[in-house]
Amino acid sequence: MKFDSCTKCSDNDRRDNECLCDNIKALDGLPIRCCHQGTFEKLDILEYYLSTFSKAMRNQFLCRNYIDLFAGPGICGNRENHKTKYGSTLLALNLEYPFTHYIFVDAMVSTSEILRKRCENITERLDFKPKYDILNLDANKGIDEVLNKIQKERSITVAFIDPNGIDVHFSTLEKLAAFPHLDIILNFAVLDLKRNKARYRSGNQKADLFFGTKDWPDDKLKMLPYYKDNLRDRLGLTYVEDDFEGAEPISTRTGGIIYYLIYASKNELGLKFWRDARKYFRRGRDRQNDLFRN
């Protein structure tokens with residue numbers, strides 16, 4: 001089923017409205033973030049990983065931090081079928097074994113206020129009241145303020161970094177890497193890099209800031225391995241998926257890859273949790289495809 005209101009909505013329309021949508025209705029009546037089907041697949045993987053991680057770490061660290069640098073309004077709406085799902089922030093807040101401290105960051109005032117209302121609604125019914133801060137900041141310019149909010153010692157931190165394009169600076173990741181126990185899940189926006197490479201090479205510094213250097217590769221097939229090597233070598237995030245594993249691709253309905261999810265950790269156990277989440281998701285996707293084939 002196609003929804004005329006969504007098929008007529010252009011990328012420019014969504015950008016102008018901060019990707020907040022009034023066509024798809026959430027039960028709480030607040031605006032949602034307009035998304036494609038690939039976003040829902042990404043959230044399924046994230047949910048499984050966070051559930052596994054939080055259960056395993058609940059008695060290992062007194063302080064367990066979750067940082068979401070491009071937080072959004074808390075609920076996503078699928079513009080293909082109008083289904084809704086908790087976004088990364090509310091998935092993390094609503095875990096069976098919650099983190100002890102959440103930092104949600106978004107540059108948009110309206111989006112931050114919508115998220116604040118939703119967080120208040122969720123925490124009202126939770127037995128355990130986790131601490132959370134919602135910061136209306138540019139994730140890169142405000143990273144020092146983000147890090148000042150949480151305790152680094154005797155803590156473990158998961159950072160979910162999911163911008164619309166290559167909008168996170170490598171210097172931001174360098175500051176996060178000061179945490180002794182850190183897991184990062186990062187959107188590597190390969191479509192943005194491919195579409196805009198010429199512009200990024202001709203004076204626009206966006207890609208230089210993303211890679212943390214001007215010497216990033218021109219070959220699109222080398223960009224992802226190069227970035228992963230820098231996570232290992234420059235940031236000390238030793239446990240990154242091997243190149244033969246690739247990274248989890250998030251695609252359009254026609255199969256075009258929009259971005260990859262990169263997982264990087266300072267601990268081998270975290271990488272095991274991530275691999276388990278990917279396997280679980282793929283089994284579910286294969287079962288769904290079998291239903292369509294039969």
# chains A, B, ... in the order shown; residues from 1 in each chain; ligands from 1
>>> residues_around(residues="Ser54 in chain A", least_positions_apart="3", cutoff="7 Å", atoms="only C-alpha atoms", output="ChimeraX atom specification")
/A:50-51,57-58,97-99
>>> select_by_dssp(residues="range 148-277 of chain A", states="alpha helix (DSSP H)", output="ChimeraX atom specification")
/A:148,170-176,190-201,206-211,220-233,268-277
>>> write_last_selection(atoms="C-alpha atoms", output="PDB file, in the first residue's frame")
ATOM      1  CA  ASN A 148      31.428  16.783  31.485  1.00  0.00           C
ATOM      2  CA  PHE A 170      36.809  12.388  13.970  1.00  0.00           C
ATOM      3  CA  SER A 171      37.994  14.768  16.699  1.00  0.00           C
ATOM      4  CA  THR A 172      34.664  14.146  18.458  1.00  0.00           C
ATOM      5  CA  LEU A 173      35.386  10.411  18.464  1.00  0.00           C
ATOM      6  CA  GLU A 174      38.882  11.120  19.797  1.00  0.00           C
ATOM      7  CA  LYS A 175      37.379  12.796  22.839  1.00  0.00           C
ATOM      8  CA  LEU A 176      34.961   9.921  23.395  1.00  0.00           C
ATOM      9  CA  VAL A 190      28.866   5.868   2.222  1.00  0.00           C
ATOM     10  CA  LEU A 191      26.108   7.293  -0.030  1.00  0.00           C
ATOM     11  CA  ASP A 192      26.891  10.836   1.134  1.00  0.00           C
ATOM     12  CA  LEU A 193      30.593  10.252   0.390  1.00  0.00           C
ATOM     13  CA  LYS A 194      29.931   8.853  -3.083  1.00  0.00           C
ATOM     14  CA  ARG A 195      27.433  11.534  -4.100  1.00  0.00           C
ATOM     15  CA  ASN A 196      29.466  14.487  -2.839  1.00  0.00           C
ATOM     16  CA  LYS A 197      33.093  13.370  -3.194  1.00  0.00           C
ATOM     17  CA  ALA A 198      33.903  15.986  -5.847  1.00  0.00           C
ATOM     18  CA  ARG A 199      32.513  18.767  -3.647  1.00  0.00           C
ATOM     19  CA  TYR A 200      34.356  17.450  -0.596  1.00  0.00           C
ATOM     20  CA  ARG A 201      37.594  17.454  -2.609  1.00  0.00           C
ATOM     21  CA  LYS A 206      33.170  18.088   5.659  1.00  0.00           C
ATOM     22  CA  ALA A 207      34.916  14.854   4.648  1.00  0.00           C
ATOM     23  CA  ASP A 208      38.256  16.061   6.047  1.00  0.00           C
ATOM     24  CA  LEU A 209      36.592  16.560   9.425  1.00  0.00           C
ATOM     25  CA  PHE A 210      34.850  13.181   9.186  1.00  0.00           C
ATOM     26  CA  PHE A 211      38.049  11.259   8.417  1.00  0.00           C
ATOM     27  CA  LYS A 220      35.104   4.302  -2.620  1.00  0.00           C
ATOM     28  CA  LEU A 221      35.994   0.666  -1.910  1.00  0.00           C
ATOM     29  CA  LYS A 222      38.879   1.757   0.335  1.00  0.00           C
ATOM     30  CA  MET A 223      37.011   4.364   2.380  1.00  0.00           C
ATOM     31  CA  LEU A 224      35.388   2.005   4.887  1.00  0.00           C
ATOM     32  CA  PRO A 225      38.519  -0.126   5.579  1.00  0.00           C
ATOM     33  CA  TYR A 226      40.561   3.086   5.919  1.00  0.00           C
ATOM     34  CA  TYR A 227      38.132   4.502   8.462  1.00  0.00           C
ATOM     35  CA  LYS A 228      38.029   1.263  10.452  1.00  0.00           C
ATOM     36  CA  ASP A 229      41.843   1.154  10.534  1.00  0.00           C
ATOM     37  CA  ASN A 230      41.874   4.656  11.992  1.00  0.00           C
ATOM     38  CA  LEU A 231      39.403   3.629  14.704  1.00  0.00           C
ATOM     39  CA  ARG A 232      41.850   0.883  15.688  1.00  0.00           C
ATOM     40  CA  ASP A 233      45.146   2.692  15.257  1.00  0.00           C
ATOM     41  CA  GLU A 268      36.395  -8.194  22.768  1.00  0.00           C
ATOM     42  CA  LEU A 269      33.175  -9.126  24.583  1.00  0.00           C
ATOM     43  CA  GLY A 270      31.392  -6.097  23.145  1.00  0.00           C
ATOM     44  CA  LEU A 271      32.261  -7.195  19.630  1.00  0.00           C
ATOM     45  CA  LYS A 272      30.830 -10.637  20.406  1.00  0.00           C
ATOM     46  CA  PHE A 273      27.533  -9.017  21.497  1.00  0.00           C
ATOM     47  CA  TRP A 274      27.420  -7.052  18.241  1.00  0.00           C
ATOM     48  CA  ARG A 275      28.122 -10.091  16.092  1.00  0.00           C
ATOM     49  CA  ASP A 276      25.359 -11.954  17.906  1.00  0.00           C
ATOM     50  CA  ALA A 277      22.944  -9.089  17.202  1.00  0.00           C
TER      51      ALA A 277
END
>>> residues_around(residues="range 118-120 of chain A", least_positions_apart="6", cutoff="8 Å", atoms="only C-alpha atoms", output="ChimeraX atom specification")
/A:74,90,93
>>> closest_residue(among="A:Leu135, A:Ala92, A:Leu20, A:Leu126", to="Leu46 in chain A", atoms="only C-alpha atoms")
A:Ala92
>>> closest_residue(among="A:Glu80, A:Asp106, A:Asp68, A:Glu113", to="Pro31 in chain A", atoms="only C-alpha atoms")
A:Glu113
>>> atom_distance(atom1="CA of Ile185 in chain A", atom2="CA of Trp216 in chain A")
20.9 Å
>>> select_by_dssp(residues="range 60-266 of chain A", states="strand (DSSP E or B)", output="PyMOL selection string")
chain A and resi 63-68+75-78+84-86+101-105+131-135+155-161+182-188+239-240+248-251+257-265
>>> closest_residue(among="A:Glu153, A:Glu124, A:Glu248, A:Asp28", to="Tyr263 in chain A", atoms="only C-alpha atoms")
A:Glu248
>>> closest_residue(among="A:Cys76, A:Leu147, A:Val105, A:Ala177", to="Glu41 in chain A", atoms="only C-alpha atoms")
A:Cys76
>>> closest_residue(among="A:Asn164, A:Thr123, A:Asn267, A:Thr100", to="Tyr66 in chain A", atoms="only C-alpha atoms")
A:Thr100
>>> atom_distance(atom1="CA of Asn136 in chain A", atom2="CA of Val109 in chain A")
6.1 Å
>>> residues_around(residues="range 155-163 of chain A", least_positions_apart="2", cutoff="8 Å", atoms="only C-alpha atoms", output="PyMOL selection string")
chain A and resi 61-71+151-153+165-168+179-187
>>> atom_distance(atom1="CA of Ile103 in chain A", atom2="CA of Lys131 in chain A")
8.7 Å
>>> closest_residue(among="A:Ala178, A:His101, A:Ile262, A:Asn94", to="Ile150 in chain A", atoms="only C-alpha atoms")
A:His101
